[in-house]
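Below is my_file_25.txt, which holds compact mmCIF, C-alpha atoms.
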```txt
# COMPACT_ATOMS: atom_id res chain seq x y z
CA MET A 1 -20.27 -33.74 8.13
CA ARG A 2 -19.53 -30.17 9.08
CA LYS A 3 -20.71 -27.06 7.28
CA ASN A 4 -18.30 -24.13 6.88
CA PHE A 5 -19.66 -20.65 7.57
CA GLY A 6 -16.54 -18.50 7.02
CA ALA A 7 -15.56 -15.85 9.55
CA LYS A 8 -18.55 -15.58 11.89
CA THR A 9 -18.92 -14.52 15.52
CA TYR A 10 -20.62 -17.73 16.62
CA ILE A 11 -19.59 -17.84 20.28
CA TYR A 12 -22.34 -19.23 22.54
CA PRO A 13 -23.39 -17.89 24.92
CA GLN A 14 -22.58 -14.22 24.45
CA PRO A 15 -23.26 -11.93 27.40
CA VAL A 16 -25.42 -8.82 27.20
CA LEU A 17 -23.33 -6.06 28.72
CA ILE A 18 -24.73 -2.61 29.47
CA ILE A 19 -21.91 -0.08 29.36
CA GLY A 20 -22.43 2.97 31.60
CA THR A 21 -20.51 6.22 31.10
CA TYR A 22 -20.69 9.95 31.88
CA ASN A 23 -20.18 12.67 29.32
CA GLU A 24 -18.06 15.75 30.06
CA ASN A 25 -21.03 17.31 31.87
CA GLY A 26 -21.65 14.29 34.09
CA LYS A 27 -24.71 13.15 32.14
CA ALA A 28 -25.13 9.37 32.23
CA ASN A 29 -25.43 7.21 29.12
CA ALA A 30 -25.73 3.47 28.52
CA MET A 31 -25.24 1.16 25.56
CA ASN A 32 -25.60 -2.56 24.93
CA ALA A 33 -22.63 -4.71 23.84
CA ALA A 34 -22.37 -8.48 23.34
CA TRP A 35 -18.74 -8.61 22.28
CA GLY A 36 -16.73 -8.90 25.44
CA GLY A 37 -15.61 -11.04 28.31
CA ILE A 38 -13.24 -11.44 31.21
CA CYS A 39 -9.58 -11.31 30.16
CA GLY A 40 -7.73 -11.59 33.47
CA ALA A 41 -8.28 -11.90 37.22
CA ASP A 42 -9.16 -8.19 37.41
CA ARG A 43 -9.62 -7.28 33.75
CA VAL A 44 -12.51 -7.20 31.32
CA MET A 45 -12.62 -6.56 27.57
CA VAL A 46 -15.46 -5.07 25.55
CA GLU A 47 -15.59 -4.12 21.87
CA LEU A 48 -17.43 -0.83 21.46
CA GLY A 49 -17.01 0.63 17.97
CA SER A 50 -17.75 4.38 17.86
CA HIS A 51 -20.59 5.71 19.99
CA GLN A 52 -21.48 8.38 22.54
CA THR A 53 -20.08 5.82 24.98
CA THR A 54 -16.63 5.86 23.39
CA ASP A 55 -16.66 9.68 23.26
CA ASN A 56 -17.44 9.59 26.98
CA ILE A 57 -14.73 7.07 27.85
CA ALA A 58 -12.19 9.23 26.00
CA GLU A 59 -13.09 11.98 28.49
CA THR A 60 -13.52 10.06 31.73
CA LYS A 61 -11.21 7.01 31.28
CA ALA A 62 -13.80 4.94 33.11
CA PHE A 63 -16.92 2.86 32.50
CA THR A 64 -19.23 0.41 34.19
CA ILE A 65 -20.48 -2.91 32.83
CA ALA A 66 -23.85 -4.04 34.12
CA ILE A 67 -25.25 -7.50 33.46
CA ALA A 68 -28.51 -7.37 31.50
CA ASP A 69 -31.26 -9.47 32.99
CA GLU A 70 -34.64 -10.83 31.97
CA ALA A 71 -36.55 -8.29 34.07
CA ASN A 72 -35.00 -5.42 32.08
CA VAL A 73 -34.82 -6.95 28.60
CA VAL A 74 -36.81 -4.18 26.86
CA ALA A 75 -34.75 -1.38 28.41
CA CYS A 76 -31.49 -3.22 27.75
CA ASP A 77 -32.40 -3.69 24.10
CA TYR A 78 -33.52 -0.07 23.85
CA VAL A 79 -30.15 1.32 24.94
CA GLY A 80 -28.58 -0.78 22.18
CA ILE A 81 -30.68 0.69 19.39
CA ALA A 82 -31.18 4.30 20.53
CA SER A 83 -28.11 6.54 20.37
CA GLY A 84 -27.15 8.94 23.14
CA ARG A 85 -25.94 11.20 20.34
CA ASP A 86 -29.52 11.50 19.00
CA VAL A 87 -31.72 10.99 22.08
CA PRO A 88 -30.79 13.35 24.94
CA ASP A 89 -33.24 11.69 27.34
CA LYS A 90 -32.23 8.12 26.47
CA MET A 91 -31.77 7.02 30.08
CA GLU A 92 -35.17 8.41 31.12
CA LYS A 93 -36.83 6.67 28.17
CA ALA A 94 -35.14 3.41 29.20
CA GLY A 95 -36.41 3.89 32.74
CA PHE A 96 -32.86 3.70 34.08
CA THR A 97 -31.77 5.71 37.11
CA THR A 98 -28.15 5.96 38.19
CA VAL A 99 -25.83 6.82 41.05
CA LYS A 100 -22.16 7.59 40.67
CA SER A 101 -19.87 4.65 41.36
CA GLU A 102 -18.01 4.96 44.66
CA PHE A 103 -14.86 3.84 42.84
CA VAL A 104 -14.73 5.19 39.28
CA ASN A 105 -16.07 8.17 37.34
CA ALA A 106 -18.97 6.30 35.78
CA PRO A 107 -22.62 5.63 36.62
CA VAL A 108 -24.09 2.55 38.30
CA ILE A 109 -27.55 1.73 36.88
CA ASN A 110 -29.77 1.07 39.87
CA GLU A 111 -32.19 -1.21 38.03
CA LEU A 112 -29.56 -3.80 36.96
CA PRO A 113 -28.40 -6.47 39.43
CA ILE A 114 -24.61 -6.58 38.99
CA THR A 115 -22.16 -3.88 37.94
CA LEU A 116 -18.44 -4.12 37.21
CA GLU A 117 -16.87 -0.72 37.91
CA CYS A 118 -13.83 -0.23 35.70
CA GLU A 119 -11.00 2.15 35.00
CA LEU A 120 -9.91 2.26 31.37
CA GLU A 121 -6.63 0.39 30.99
CA SER A 122 -6.15 0.51 27.21
CA VAL A 123 -7.88 0.75 23.85
CA ASP A 124 -6.77 -1.21 20.80
CA LYS A 125 -8.73 -1.75 17.57
CA GLY A 126 -12.03 -0.95 19.28
CA MET A 127 -11.26 -3.30 22.20
CA TYR A 128 -11.61 -1.49 25.49
CA ILE A 129 -9.75 -3.16 28.35
CA GLY A 130 -10.99 -2.22 31.79
CA LYS A 131 -9.33 -2.80 35.12
CA ILE A 132 -12.12 -4.05 37.37
CA VAL A 133 -11.90 -1.96 40.54
CA ASN A 134 -15.09 -3.17 42.17
CA VAL A 135 -18.16 -5.29 41.53
CA SER A 136 -21.34 -4.12 43.22
CA VAL A 137 -24.46 -6.24 43.51
CA ASP A 138 -27.92 -5.17 44.62
CA GLU A 139 -28.43 -6.99 47.91
CA LYS A 140 -31.82 -8.31 46.86
CA TYR A 141 -30.04 -10.59 44.37
CA LEU A 142 -27.76 -12.20 46.96
CA GLY A 143 -28.31 -15.71 48.27
CA GLU A 144 -27.82 -17.01 51.80
CA ASP A 145 -24.09 -17.36 51.12
CA GLY A 146 -23.89 -13.61 50.47
CA GLU A 147 -23.04 -14.16 46.79
CA PRO A 148 -25.03 -13.42 43.60
CA ASP A 149 -27.79 -16.02 43.32
CA LEU A 150 -29.03 -17.11 39.90
CA VAL A 151 -32.33 -18.11 41.47
CA LYS A 152 -32.92 -14.44 42.29
CA PHE A 153 -31.89 -12.88 38.99
CA ASN A 154 -31.73 -14.15 35.44
CA PRO A 155 -28.94 -12.86 33.20
CA ILE A 156 -29.78 -12.90 29.51
CA THR A 157 -27.55 -14.09 26.69
CA PHE A 158 -27.38 -13.06 23.05
CA ASP A 159 -27.82 -15.56 20.22
CA PRO A 160 -25.43 -14.26 17.53
CA VAL A 161 -27.30 -16.07 14.76
CA HIS A 162 -30.96 -15.40 15.43
CA HIS A 163 -30.53 -12.21 17.45
CA THR A 164 -32.67 -13.37 20.31
CA TYR A 165 -32.13 -12.94 24.03
CA ILE A 166 -32.13 -16.21 25.95
CA ALA A 167 -32.42 -16.78 29.68
CA LEU A 168 -30.33 -19.28 31.57
CA GLY A 169 -31.76 -22.69 32.36
CA ASP A 170 -30.88 -25.62 34.55
CA THR A 171 -27.60 -26.32 36.30
CA VAL A 172 -26.14 -29.28 34.41
CA GLY A 173 -22.71 -29.75 35.95
CA LYS A 174 -20.08 -28.82 38.48
CA ALA A 175 -16.84 -27.28 37.24
CA PHE A 176 -13.46 -28.63 38.43
CA ALA A 177 -15.41 -31.69 39.65
CA ASP A 178 -17.42 -33.56 37.01
CA GLY A 179 -14.31 -34.21 34.93
CA LYS A 180 -12.75 -36.17 37.78
CA LYS A 181 -14.93 -39.09 36.68
CA LEU A 182 -12.45 -39.54 33.82
CA PHE A 183 -9.29 -39.58 35.96
CA MET B 1 -28.48 -1.14 48.91
CA ARG B 2 -25.58 -2.60 46.97
CA LYS B 3 -22.83 -4.81 48.36
CA ASN B 4 -19.24 -4.25 47.16
CA PHE B 5 -17.19 -7.33 46.27
CA GLY B 6 -13.90 -5.75 45.15
CA ALA B 7 -12.25 -6.86 41.90
CA LYS B 8 -14.16 -9.99 40.87
CA THR B 9 -14.80 -11.63 37.50
CA TYR B 10 -18.59 -11.62 37.86
CA ILE B 11 -19.60 -11.52 34.19
CA TYR B 12 -22.75 -13.57 33.48
CA PRO B 13 -22.97 -15.65 31.44
CA GLN B 14 -19.43 -16.78 30.76
CA PRO B 15 -18.92 -19.17 27.86
CA VAL B 16 -17.18 -22.53 28.16
CA LEU B 17 -14.58 -22.54 25.40
CA ILE B 18 -12.61 -25.65 24.49
CA ILE B 19 -9.29 -24.60 22.98
CA GLY B 20 -7.82 -27.09 20.49
CA THR B 21 -4.14 -27.09 19.51
CA TYR B 22 -1.43 -29.33 18.05
CA ASN B 23 2.00 -29.76 19.57
CA GLU B 24 5.13 -29.77 17.43
CA ASN B 25 4.52 -33.45 16.59
CA GLY B 26 0.93 -32.88 15.49
CA LYS B 27 -0.57 -34.37 18.64
CA ALA B 28 -3.89 -32.78 19.55
CA ASN B 29 -4.64 -31.25 22.92
CA ALA B 30 -7.63 -29.42 24.39
CA MET B 31 -8.23 -27.18 27.39
CA ASN B 32 -11.21 -25.40 28.90
CA ALA B 33 -11.34 -21.61 29.24
CA ALA B 34 -14.16 -19.33 30.41
CA TRP B 35 -12.35 -16.03 30.07
CA GLY B 36 -12.94 -14.90 26.52
CA GLY B 37 -15.32 -13.50 23.98
CA ILE B 38 -15.76 -11.96 20.56
CA CYS B 39 -13.71 -8.78 20.12
CA GLY B 40 -14.42 -7.84 16.50
CA ALA B 41 -16.31 -8.94 13.39
CA ASP B 42 -13.69 -11.62 12.73
CA ARG B 43 -11.75 -11.68 16.01
CA VAL B 44 -11.98 -13.58 19.26
CA MET B 45 -10.09 -13.18 22.55
CA VAL B 46 -9.29 -15.86 25.10
CA GLU B 47 -7.18 -15.65 28.26
CA LEU B 48 -5.06 -18.77 28.60
CA GLY B 49 -2.36 -18.42 31.27
CA SER B 50 0.46 -20.97 30.82
CA HIS B 51 -0.41 -24.47 29.67
CA GLN B 52 0.45 -27.13 27.13
CA THR B 53 -1.99 -25.20 24.95
CA THR B 54 0.08 -22.01 25.09
CA ASP B 55 3.26 -23.96 24.37
CA ASN B 56 1.47 -25.38 21.34
CA ILE B 57 0.19 -22.01 20.09
CA ALA B 58 3.72 -20.63 20.32
CA GLU B 59 4.69 -23.35 17.80
CA THR B 60 1.70 -23.42 15.48
CA LYS B 61 0.32 -19.84 15.68
CA ALA B 62 -3.16 -21.32 15.46
CA PHE B 63 -5.95 -22.69 17.65
CA THR B 64 -9.57 -23.69 17.53
CA ILE B 65 -12.32 -22.71 19.94
CA ALA B 66 -15.15 -25.21 20.29
CA ILE B 67 -18.35 -24.43 22.17
CA ALA B 68 -18.87 -26.76 25.13
CA ASP B 69 -22.33 -28.28 25.29
CA GLU B 70 -24.48 -30.13 27.76
CA ALA B 71 -23.97 -33.49 26.03
CA ASN B 72 -20.21 -33.25 26.62
CA VAL B 73 -20.09 -31.57 30.02
CA VAL B 74 -17.97 -34.25 31.73
CA ALA B 75 -15.36 -34.34 28.95
CA CYS B 76 -15.28 -30.54 28.73
CA ASP B 77 -14.69 -30.25 32.47
CA TYR B 78 -12.05 -33.00 32.32
CA VAL B 79 -9.92 -31.17 29.76
CA GLY B 80 -9.97 -28.17 32.11
CA ILE B 81 -8.58 -30.05 35.10
CA ALA B 82 -6.23 -32.58 33.47
CA SER B 83 -3.04 -31.16 31.97
CA GLY B 84 -1.70 -32.23 28.60
CA ARG B 85 1.75 -31.79 30.15
CA ASP B 86 0.98 -34.60 32.65
CA VAL B 87 -1.50 -36.82 30.81
CA PRO B 88 -0.26 -37.88 27.35
CA ASP B 89 -3.54 -39.61 26.49
CA LYS B 90 -5.74 -36.74 27.68
CA MET B 91 -7.81 -36.58 24.49
CA GLU B 92 -8.46 -40.33 24.54
CA LYS B 93 -9.50 -40.17 28.18
CA ALA B 94 -11.85 -37.31 27.35
CA GLY B 95 -13.33 -39.39 24.53
CA PHE B 96 -12.51 -36.66 22.03
CA THR B 97 -11.53 -37.44 18.45
CA THR B 98 -10.21 -34.82 16.06
CA VAL B 99 -9.61 -33.97 12.43
CA LYS B 100 -7.30 -31.26 11.21
CA SER B 101 -9.03 -27.98 10.38
CA GLU B 102 -9.23 -27.33 6.63
CA PHE B 103 -8.15 -23.75 7.33
CA VAL B 104 -5.64 -23.56 10.19
CA ASN B 105 -3.02 -25.79 11.81
CA ALA B 106 -5.20 -26.88 14.71
CA PRO B 107 -7.60 -29.73 15.46
CA VAL B 108 -11.38 -29.73 15.18
CA ILE B 109 -12.97 -31.85 17.93
CA ASN B 110 -15.57 -34.01 16.22
CA GLU B 111 -17.77 -34.40 19.29
CA LEU B 112 -18.41 -30.67 19.83
CA PRO B 113 -21.06 -28.87 17.76
CA ILE B 114 -19.41 -25.58 16.75
CA THR B 115 -15.75 -24.72 16.19
CA LEU B 116 -14.13 -21.36 15.48
CA GLU B 117 -10.92 -21.97 13.52
CA CYS B 118 -8.40 -19.22 14.28
CA GLU B 119 -5.00 -17.95 13.31
CA LEU B 120 -3.10 -16.33 16.16
CA GLU B 121 -3.12 -12.57 15.68
CA SER B 122 -1.41 -11.39 18.88
CA VAL B 123 -0.68 -12.22 22.51
CA ASP B 124 -0.67 -9.61 25.27
CA LYS B 125 -0.72 -10.25 29.04
CA GLY B 126 -2.08 -13.77 28.58
CA MET B 127 -4.79 -12.57 26.17
CA TYR B 128 -4.68 -14.50 22.92
CA ILE B 129 -6.37 -12.73 20.02
CA GLY B 130 -7.40 -15.01 17.18
CA LYS B 131 -8.44 -14.06 13.68
CA ILE B 132 -11.48 -16.20 12.96
CA VAL B 133 -10.85 -17.80 9.58
CA ASN B 134 -13.79 -20.16 9.59
CA VAL B 135 -16.58 -21.48 11.77
CA SER B 136 -17.59 -25.08 11.17
CA VAL B 137 -20.75 -26.63 12.54
CA ASP B 138 -21.73 -30.27 12.62
CA GLU B 139 -24.69 -30.47 10.25
CA LYS B 140 -26.80 -32.38 12.75
CA TYR B 141 -27.01 -29.18 14.82
CA LEU B 142 -28.36 -27.03 11.99
CA GLY B 143 -31.98 -25.96 11.79
CA GLU B 144 -34.18 -25.65 8.72
CA ASP B 145 -32.66 -22.23 8.01
CA GLY B 146 -29.24 -23.87 7.68
CA GLU B 147 -27.93 -22.07 10.79
CA PRO B 148 -26.97 -23.41 14.24
CA ASP B 149 -30.16 -24.26 16.11
CA LEU B 150 -30.30 -23.99 19.89
CA VAL B 151 -33.11 -26.53 19.94
CA LYS B 152 -30.61 -29.10 18.61
CA PHE B 153 -27.65 -28.35 20.87
CA ASN B 154 -27.32 -26.76 24.28
CA PRO B 155 -24.24 -24.65 24.96
CA ILE B 156 -23.24 -24.51 28.61
CA THR B 157 -22.23 -21.45 30.57
CA PHE B 158 -19.95 -21.03 33.56
CA ASP B 159 -21.13 -19.48 36.83
CA PRO B 160 -18.05 -17.60 38.07
CA VAL B 161 -19.30 -17.61 41.66
CA HIS B 162 -20.53 -21.13 42.30
CA HIS B 163 -18.47 -22.86 39.60
CA THR B 164 -21.38 -24.64 38.08
CA TYR B 165 -22.21 -25.25 34.43
CA ILE B 166 -25.63 -23.97 33.42
CA ALA B 167 -27.62 -24.74 30.30
CA LEU B 168 -29.52 -22.11 28.34
CA GLY B 169 -33.23 -21.72 28.93
CA ASP B 170 -36.12 -19.96 27.27
CA THR B 171 -35.99 -17.27 24.62
CA VAL B 172 -37.11 -14.11 26.41
CA GLY B 173 -36.64 -11.37 23.86
CA LYS B 174 -35.72 -10.23 20.39
CA ALA B 175 -32.63 -8.05 19.96
CA PHE B 176 -32.81 -4.84 17.92
CA ALA B 177 -36.59 -5.14 18.22
CA ASP B 178 -37.99 -5.24 21.77
CA GLY B 179 -36.42 -1.88 22.59
CA LYS B 180 -38.49 -0.19 19.89
CA LYS B 181 -41.39 -0.25 22.35
CA LEU B 182 -39.67 2.66 24.09
CA PHE B 183 -39.19 4.85 20.99
```
What does the file become when written as structure tokens?
Amino acid sequence: MRKNFGAKTYIYPQPVLIIGTYNENGKANAMNAAWGGICGADRVMVELGSHQTTDNIAETKAFTIAIADEANVVACDYVGIASGRDVPDKMEKAGFTTVKSEFVNAPVINELPITLECELESVDKGMYIGKIVNVSVDEKYLGEDGEPDLVKFNPITFDPVHHTYIALGDTVGKAFADGKKLF
Amino acid sequence: MRKNFGAKTYIYPQPVLIIGTYNENGKANAMNAAWGGICGADRVMVELGSHQTTDNIAETKAFTIAIADEANVVACDYVGIASGRDVPDKMEKAGFTTVKSEFVNAPVINELPITLECELESVDKGMYIGKIVNVSVDEKYLGEDGEPDLVKFNPITFDPVHHTYIALGDTVGKAFADGKKLF
């Protein structure tokens, strides 16, 4: 038997995306968003509502998306509940420092492992589509193959029901491979 | 120091979404997609390219999105690498059985724990936006609070770099709460 819940946002897992922007004076801000995902080979979508972040994107036409990780869970949650409109020193309180992206007019948060640097492509019904221009990764999170290594950093996920953050666990399969058992 | 990777789809975690559709004869199909996410309080986005699934959605204007889980990792990978255009008995080979959604013209896969039942809202550049009409959950995956319980099922995630499937791990934080430590 299945239970019907109506229209709910029960996708598992949801990412925890930290959106970085500059205001018109070049001051960095960050917010936390769980509604988003990749939508093309060089495109990413995030739903943002109305925030200091969306005011900033209207000015700069650019944003970054950093991947929240276990080591920064408190700061990542903080930037989701404090507003840049109300707290001028939000980034300092979060303990986040930034450098300007080499590629777009938006800040890279030094403390977070992976950042997608995006130009705004379009906005529709609160959905911000970014063209991914570059992904930068702190070298200390790279494995021997030169790629991001999930042994070295732990992205967190958002449980849309219980509002917890959950770390990743064991590798349980190989994509484009395990299914061949059924051929 | 950060390393630049160019335009990559390095969002962590990515979900593993099993898209269910009917063809014009009411035959069920399923495919595996990792590019998608929630994009509004009752909306979900998934990037689908060109497949039997997209032919089907063009006919039915509806689809389901089931959450892939550890118990079904082989079948979920299989439906991502076998094409419904080439393999008429794809669902049988996957071991998936279906019932018609009570809400939309698309199949619910009985073996998967959670299904978002969607009407097609729009298509743009391969991005399919669905209006979530209902979410149904197999009751055996519900906790004492009547909600989906991550102790009872284990959604898998997709590593976009190493193409592995990864289970969820420990709860490491509380959203809208942990950040208050910094107020």
### Message
Select, as a ChimeraX atom specification, those residues of chain A with any atom no more than 6 Å from chain B (distances computed using all atoms listed in the file).
### Response
/A:1-7,13,15,35-39,42,47,74,77-78,132-139,163-175,178-179
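One distance worth recording is that between atom CA of B:Pro107 and atom CA of B:Met91, which is 11.3 Å.
One finds atom CA of B:Glu59 at 13.5 Å from atom CA of B:Ser122.
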Enclose the full set of atoms of stretch 55-64 of chain B listed in the file within a box whose edges lie along x, y and z, apply 5 Å of padding to each of the six sides, and report centre and edge lengths in Å to one decimal as lines of an AutoDock Vina configuration file.
```
center_x = -2.4
center_y = -22.6
center_z = 19.9
size_x = 24.3
size_y = 15.5
size_z = 18.9
```
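Atom pair atom CA of B:Thr60 / atom CA of B:Glu24 has a distance of 7.5 Å (rounded to one decimal).
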### Radius query 6 Å about (-4.4, -17.6, 15.0), atoms used: all atoms listed in the file, as JSON, numbers by chain
{"B": [61, 62, 63, 118, 119, 120, 121, 130, 131]}
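Shortest atom-to-atom contact with B:Asp55 among B:Asn72, B:Asn23, B:Asn105, B:Ser83: B:Asn23, counting all atoms listed in the file.
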### Task
Select, from A:Thr21, A:Ser50, A:Asn29, A:Asn56, the residue with the minimum atom-to-atom distance to A:Ala106, counting all atoms listed in the file.
A:Thr21
Can you spit out stretch 119-128 of chain B with all heavy atoms, as a compact mmCIF listing (two decimals), in the first residue's frame, from the structure just given?
```
# COMPACT_ATOMS: atom_id res chain seq x y z
N GLU B 119 2.44 16.25 -13.77
CA GLU B 119 1.95 16.67 -15.08
C GLU B 119 3.03 17.53 -15.73
O GLU B 119 3.66 18.35 -15.05
CB GLU B 119 0.67 17.51 -14.93
CG GLU B 119 -0.51 16.71 -14.45
CD GLU B 119 -1.70 17.60 -14.11
OE1 GLU B 119 -1.56 18.84 -14.12
OE2 GLU B 119 -2.76 17.03 -13.81
N LEU B 120 3.22 17.34 -17.03
CA LEU B 120 4.20 18.18 -17.73
C LEU B 120 3.73 19.62 -17.72
O LEU B 120 2.60 19.92 -18.11
CB LEU B 120 4.35 17.69 -19.17
CG LEU B 120 5.34 18.51 -20.02
CD1 LEU B 120 6.76 18.36 -19.50
CD2 LEU B 120 5.26 18.09 -21.49
N GLU B 121 4.62 20.52 -17.29
CA GLU B 121 4.28 21.94 -17.31
C GLU B 121 4.90 22.62 -18.53
O GLU B 121 4.24 23.39 -19.22
CB GLU B 121 4.76 22.62 -16.03
CG GLU B 121 4.37 24.08 -15.94
CD GLU B 121 4.83 24.72 -14.63
OE1 GLU B 121 4.31 24.32 -13.57
OE2 GLU B 121 5.69 25.62 -14.68
N SER B 122 6.18 22.32 -18.79
CA SER B 122 6.86 22.94 -19.93
C SER B 122 8.12 22.16 -20.27
O SER B 122 8.62 21.37 -19.46
CB SER B 122 7.22 24.40 -19.61
OG SER B 122 8.15 24.44 -18.56
N VAL B 123 8.61 22.38 -21.48
CA VAL B 123 9.90 21.81 -21.91
C VAL B 123 10.70 22.95 -22.52
O VAL B 123 10.16 23.73 -23.31
CB VAL B 123 9.72 20.73 -23.00
CG1 VAL B 123 11.06 20.06 -23.32
CG2 VAL B 123 8.68 19.71 -22.61
N ASP B 124 11.96 23.05 -22.13
CA ASP B 124 12.82 24.10 -22.69
C ASP B 124 14.26 23.59 -22.69
O ASP B 124 14.79 23.25 -21.62
CB ASP B 124 12.70 25.38 -21.86
CG ASP B 124 13.56 26.51 -22.43
OD1 ASP B 124 13.62 26.65 -23.66
OD2 ASP B 124 14.18 27.23 -21.63
N LYS B 125 14.87 23.50 -23.85
CA LYS B 125 16.27 23.06 -23.97
C LYS B 125 16.53 21.75 -23.22
O LYS B 125 17.50 21.63 -22.48
CB LYS B 125 17.22 24.14 -23.44
CG LYS B 125 17.15 25.45 -24.23
CD LYS B 125 18.10 26.48 -23.64
CE LYS B 125 17.91 27.84 -24.31
NZ LYS B 125 18.56 28.93 -23.58
N GLY B 126 15.64 20.80 -23.39
CA GLY B 126 15.81 19.49 -22.76
C GLY B 126 15.40 19.43 -21.30
O GLY B 126 15.41 18.36 -20.68
N MET B 127 15.06 20.57 -20.72
CA MET B 127 14.62 20.64 -19.32
C MET B 127 13.11 20.45 -19.26
O MET B 127 12.35 21.27 -19.77
CB MET B 127 14.92 22.04 -18.75
CG MET B 127 16.18 22.16 -17.98
SD MET B 127 16.45 23.89 -17.48
CE MET B 127 14.90 24.28 -16.68
N TYR B 128 12.70 19.39 -18.61
CA TYR B 128 11.29 19.10 -18.44
C TYR B 128 10.86 19.58 -17.05
O TYR B 128 11.42 19.13 -16.04
CB TYR B 128 11.03 17.59 -18.59
CG TYR B 128 11.12 17.14 -20.03
CD1 TYR B 128 12.35 17.15 -20.70
CD2 TYR B 128 10.00 16.76 -20.74
CE1 TYR B 128 12.42 16.79 -22.05
CE2 TYR B 128 10.07 16.39 -22.08
CZ TYR B 128 11.28 16.41 -22.73
OH TYR B 128 11.36 16.06 -24.05
```
